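Comments concern the structure below.
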Amino acid sequence: MRQERSQAYKQAPWRTQIQWVGGFLLAVVTVAAVAGLYLSISGRSAATGRRIQNLEIQLSALQRENNDLQTLLGQIQSEHALSERIDSLNMRPLTPDEALYLEVPGYIPAEGPSLAPPPTAREERTPILLPEFTSSFIEWISLKLQAAPTNSSPTVEVLP
Amino acid sequence: MSENIKTRFLIICVICSVVAGITGIQMIRIQNSEAAQRLLTASETYQGVNRIIYPDRGNIYDSKGRLLAGNETSYEIGLDLNSVTNAETVASIAASVLGLDYAQVLGYTKIKPGNGNPFYIVLDDFVTKDKIAELETIKADYNSRVGKGNVILPSLDGLIWTAHSQRSYPEGTLASNILGFYSYLDRTDGRGYYGLEAAYDSQLSGRPQQIYITYDPQRLSTVEEVPPGASLVLTLDREIQAMTEKTLDEAIEWSGAESGTILVYNPEDGGVIAMATAPRLDPNKYWQYSQLFPDPMPFNSAISQTYEPGSVFKVITMAAALDSGLVDPETRFQDTGSFNIGGTTVYNWNMGAWGDVDMTECLQYSLNVCMTWLATGMGPDTLYTYFKNFGLDRKTGIDLGGENHWPLKLPGDNLWYEVDLATNSFGQGISLTPIQMAMSIGAVANDGRMMAPHLVKAMIIDGKQYDVDPVVVRSPISAETAHTLTDMLVTSLESEASNALVEGYTVAGKTGTGEIATPYGYSSSETNASFVGWGPAEDPKFLVYVWLEKPSISIWGSEVAAPVFSELVSKLVVLMDIPPDTVRLAGSNITAGQ
């Protein structure tokens with residue numbers, strides 16, 4: 001058997017060359033695949049980073065705009081501005097004898113304003129960068145293995 | 001393969017191995033050298049920046065949620081020297097739009113950045129949005145132009161603007177004596193001065209946080225949010241404050257007074273509804289402070305300026321006399337017109353003798369001799385214990401920066417004389433701030449409970465509103481004494497047909513004319529005219545304290561301060577939705593229809 005193989009290689013020496021070329025190409029493809037994967041993940045990671053930057057810039061711009069609008073509203077509704085509008089409409093403050101008071105059974109005067117934003121369900125902040133972008137390859141593999149369903153943990157149906 | 005070729009391959013392999021080995025060793029040496037460490041450290045400065053984030057200063061709202069102090073955007077304009085492509089355009093636009101000096105800006109653009117020179121120069125700060133909009137229009141216009149050949153196009157490249165927050169007071173001078181001001185021009189060390197801005201400076205400003213911002217997008221993550229400072233909701237009502245300020249300004253002009261103070265106070269919870277003083281500063285232009293308030297003029301006389309209140313103080317003396325059981329409203333006193341104490345003779349305000357009077361008439365005619373009789377009857381121990389219980393020996397602790405007080409002279413002190421027992425009983429020889437007077441007399445209007453005066457009704461921290469509970473300081477007198485004294489003061493006002501009466505409403509009150517101490521003794525021609533009153537008498541919703549300093553039209557509180565009280569209260573009851581006695585006492589659950 002060994003003699004036959006040696007004979008075959010002697011009769012067709014290109015077989016050896018093909019072996020070398022094949023091995024080299026395999027190495028090149030492997031390196032290219034790893035490099036491509038790395039590049040892809042780096043690119044997505046960088047793009048996400050930029051998105052975060054832009055969102056934060058947008059957030060602070062919106063906060064500033066919110067402040068500006070609040071102040072503008074304050075200026076428009078300021079006592080001075082309202083007095084001018086009242087004067088221009090030929091209106092004047094009410095005198096005590098002009099006030100009409102009505103009895104409203106069960107009326108409860110309004111409490112002071114609540115200026116805090118209304119309560120909402122507390123939103124857990126999910127990280128924008130997925131673990132795929134921050135964990136190492138080994139960490140990623142172990143994460144996937146842990147996440148994989150096993151026979152020892154049967155699926156339980158949870159009724160609403 | 002011959003031996004020769006084998007030897008050659010071996011030599012080449014050895015040479016390659018040696019070169020590779022030397023290269024490897026060199027790499028390791030360089031990587032672990034000091035220079036490499038320095039380079040590594042230096043490179044970190046290009047990877048990101050440590051930045052202190054100053055949170056937005058909290059807002060201040062009145063009791064109905066109207067904005068009194070907030071923030072708005074303003075801009076810093078600077079030159080990025082590396083990016084300037086057309087220095088003349090930059091200098092020209094900076095001069096025409098921002099009003100900067102053309103030659104100076106042009107000079108800045110010629111600076112070569114680096115080698116000790118700056119890369120960035122601040123040209124202007126606190127530039128308004130309008131100016132920035134103008135610059136943006138010009139920049140967009142320049143960017144849209146396409147040049148032909150060697151034509152140099154105008155460009156604003158290198159002129160950059162950065163937004164930041166600026167404190168803003170949309171109401172201008174309104175309630176500025178309460179708000180104080182924030183020195184916003186100092187962007188790193190700005191702080192609150194006077195009023196609420198000083199008292200709540202740390203809460204309003206929040207906690208600045210140092211964060212690291214990386215330039216490497218791969219290392220970016222969400223920056224921790226810096227919560228804004230706490231916002232304040234006040235007990236103050238803007239409409240009532242505006243009306244009170246207007247009334248005060250008119251009263252000062254009408255009476256020829258040097259200055260004045262009007263306090264509108266809720267005796268039930270100690271909340272200050274309005275606090276007007278003169279003059280008032282526009283906190284948006286706080287740098288005018290020293291012009292408007294030359295030393296020693298206080299920023300807020302209601303809490304910072306003590307004065308001898310005169311006869312309004314008789315309310316406290318009578319409260320002590322009633323509560324200690326010395327007298328009751330029907331107790332008679334024979335007024336001979338003078339009372340000798342400690343070698344000094346005390347007279348009534350008109351030097352007259354009023355004969356047989358009861359305690360209500362003592363208040364109605366404002367008899368100094370009667371008060372001296374009460375003070376001596378109680379004795380110094382009892383009277384000064386009441387004074388201390390009324391909080392006259394200390395600050396009220398109101399939540400405003402700049403509160404002042406004058407030490408109360410007590411028996412046994414070096415400067416206390418027996419005659420002080422008499423003079424103190426009618427409000428002379430004792431100095432108090434208007435807020436001290438309002439707080440202590442507020443006990444009479446609130447069933448004997450003295451409430452801590454305060455401005456802040458609630459705080460908004462991290463999106464949650466926390467209400468501030470009213471605090472009872474003490475109960476210096478019983479509820480029965482408070483009701484009795486209120487009735488006496490209602491009667492005394494109605495009996496003398498006082499200028500303080502308000503049509504349709506029952507109010508209790510007392511006038512005061514305090515002589516002013518000079519280096520040559522007390523001046524009778526210059527006085528402090530005061531009035532304190534509260535209503536509706538059966539269930540007080542407000543206490544108003546009026547003080548006019550040195551009025552020229554008349555020296556008497558009954559002629560100067562009392563009408564101001566009446567005028568103010570006639571407007572106040574409308575703004576506070578308080579129906580007249582006929583409606584209010586007829587039924588409950590009344591609301592105003594206006």
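Just remember, in the structure tokens the first chain shown is A, the second B, etc., residues are 1-based per chain, and ligands are 1-based in the order shown.
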
Alpha helix (DSSP H) positions in region 362-430 of chain B, given as a VMD selection string: chain B and resid 362 to 364 368 to 389 418 to 425

Residues of chain A within 8 Å of chain B, only C-alpha atoms counted, as an NGL selection string: :A and (42 or 45-50 or 52-53 or 56 or 64-65 or 67-68 or 70-72 or 74-75 or 78-80 or 94-96 or 99-109 or 112-117 or 127-129)

Write the residues of the preceding selection, restricted to C-alpha atoms, as an mmCIF file, in the first residue's frame.
data_model
loop_
_atom_site.group_PDB
_atom_site.id
_atom_site.type_symbol
_atom_site.label_atom_id
_atom_site.label_comp_id
_atom_site.auth_asym_id
_atom_site.auth_seq_id
_atom_site.Cartn_x
_atom_site.Cartn_y
_atom_site.Cartn_z
ATOM 1 C CA SER A 42 -15.559 46.384 14.849
ATOM 2 C CA SER A 45 -19.359 48.470 17.299
ATOM 3 C CA ALA A 46 -18.016 51.761 15.974
ATOM 4 C CA ALA A 47 -21.327 52.592 14.284
ATOM 5 C CA THR A 48 -23.197 51.923 17.536
ATOM 6 C CA GLY A 49 -20.744 54.137 19.358
ATOM 7 C CA ARG A 50 -21.366 56.949 16.934
ATOM 8 C CA ILE A 52 -24.746 56.793 21.068
ATOM 9 C CA GLN A 53 -22.772 59.981 20.585
ATOM 10 C CA GLU A 56 -26.544 62.062 23.499
ATOM 11 C CA ARG A 64 -31.940 72.770 26.130
ATOM 12 C CA GLU A 65 -34.883 73.315 23.811
ATOM 13 C CA ASN A 67 -35.683 74.738 28.937
ATOM 14 C CA ASP A 68 -35.929 77.437 26.277
ATOM 15 C CA GLN A 70 -40.362 76.715 29.346
ATOM 16 C CA THR A 71 -38.680 80.073 29.704
ATOM 17 C CA LEU A 72 -40.403 81.422 26.603
ATOM 18 C CA GLY A 74 -42.846 81.939 31.281
ATOM 19 C CA GLN A 75 -42.107 85.190 29.446
ATOM 20 C CA SER A 78 -45.451 86.663 32.762
ATOM 21 C CA GLU A 79 -47.420 89.046 34.913
ATOM 22 C CA HIS A 80 -46.057 92.007 32.967
ATOM 23 C CA LEU A 94 -62.480 92.656 39.686
ATOM 24 C CA THR A 95 -63.575 94.534 42.802
ATOM 25 C CA PRO A 96 -64.969 92.614 45.820
ATOM 26 C CA ALA A 99 -67.581 89.155 42.546
ATOM 27 C CA LEU A 100 -70.363 86.609 42.418
ATOM 28 C CA TYR A 101 -69.966 83.708 44.815
ATOM 29 C CA LEU A 102 -71.844 80.487 44.294
ATOM 30 C CA GLU A 103 -72.327 77.676 46.735
ATOM 31 C CA VAL A 104 -71.231 74.397 45.224
ATOM 32 C CA PRO A 105 -72.179 71.442 47.437
ATOM 33 C CA GLY A 106 -69.293 69.040 47.846
ATOM 34 C CA TYR A 107 -66.826 71.340 46.143
ATOM 35 C CA ILE A 108 -63.257 70.742 47.210
ATOM 36 C CA PRO A 109 -60.868 73.537 46.304
ATOM 37 C CA GLY A 112 -51.516 73.173 44.522
ATOM 38 C CA PRO A 113 -50.062 71.969 41.244
ATOM 39 C CA SER A 114 -48.016 68.818 40.909
ATOM 40 C CA LEU A 115 -45.115 69.858 38.738
ATOM 41 C CA ALA A 116 -43.239 66.586 38.801
ATOM 42 C CA PRO A 117 -43.655 64.472 35.675
ATOM 43 C CA PRO A 127 -27.314 48.311 27.138
ATOM 44 C CA ILE A 128 -27.063 49.544 23.581
ATOM 45 C CA LEU A 129 -23.928 47.483 22.936
#

Å distance separating CA of Lys510 (chain B) from CA of Phe531 (chain B), one decimal place: 5.8 Å

For CA of Leu548 (chain B) and CA of Thr247 (chain B), the interatomic separation in Å (one decimal):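 Separating CA of Leu548 (chain B) from CA of Thr247 (chain B) is a distance of 11.9 Å.
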
Which residue of B:Val226, B:Asp80, B:Asn414, B:Asn528 approaches Ile211 (chain B) most closely, using only C-alpha atoms: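 Once distances to Ile211 (chain B) are computed over only C-alpha atoms, the minimum belongs to B:Val226.
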
Expected answer as a PyMOL selection string: strand (DSSP E or B) residues in chain A: chain A and resi 100-103

Grab the residues selected above and save them as an mmCIF file, in the first residue's frame with C-alpha atoms.
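selection-v7.cif, written as the output of this step:
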data_model
loop_
_atom_site.group_PDB
_atom_site.id
_atom_site.type_symbol
_atom_site.label_atom_id
_atom_site.label_comp_id
_atom_site.auth_asym_id
_atom_site.auth_seq_id
_atom_site.Cartn_x
_atom_site.Cartn_y
_atom_site.Cartn_z
ATOM 1 C CA LEU A 100 -70.363 86.609 42.418
ATOM 2 C CA TYR A 101 -69.966 83.708 44.815
ATOM 3 C CA LEU A 102 -71.844 80.487 44.294
ATOM 4 C CA GLU A 103 -72.327 77.676 46.735
#

Contacts of Ser6 (chain A) at 12 Å (only C-alpha atoms; same-chain gap of 6+ positions) as a list in words: Ala12, Pro13, Arg15 and Thr16 of chain A

Excluding region 142-157 of chain B and residues on its chain fewer than 4 positions from it, collect all residues at most 7 Å away from it, counting only C-alpha atoms, and give them as a short mmCIF file (atom, residue, chain, number, x, y, z; two decimals) with N, CA and C atoms, in the first residue's frame.
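And here's around.cif as it stands now:
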data_model
loop_
_atom_site.label_atom_id
_atom_site.label_comp_id
_atom_site.auth_asym_id
_atom_site.auth_seq_id
_atom_site.Cartn_x
_atom_site.Cartn_y
_atom_site.Cartn_z
N SER B 83 -8.78 75.67 12.07
CA SER B 83 -9.80 75.53 11.03
C SER B 83 -10.10 76.81 10.27
N VAL B 84 -9.50 77.92 10.69
CA VAL B 84 -9.82 79.19 10.03
C VAL B 84 -9.26 79.17 8.60
N THR B 85 -10.14 79.42 7.63
CA THR B 85 -9.68 79.44 6.23
C THR B 85 -9.73 80.85 5.65
N ASN B 86 -10.60 81.69 6.19
CA ASN B 86 -10.68 83.05 5.68
C ASN B 86 -10.79 84.00 6.88
N THR B 89 -13.04 87.26 6.64
CA THR B 89 -14.49 87.04 6.76
C THR B 89 -14.87 86.83 8.21
N VAL B 90 -14.11 86.00 8.89
CA VAL B 90 -14.41 85.70 10.30
C VAL B 90 -14.40 86.99 11.11
N ILE B 138 -25.74 83.19 7.69
CA ILE B 138 -24.57 83.66 6.92
C ILE B 138 -23.69 82.47 6.54
#

Atomic distance CA of Ala443 (chain B) - CA of Phe565 (chain B), expressed in Å with one decimal: 19.4 Å
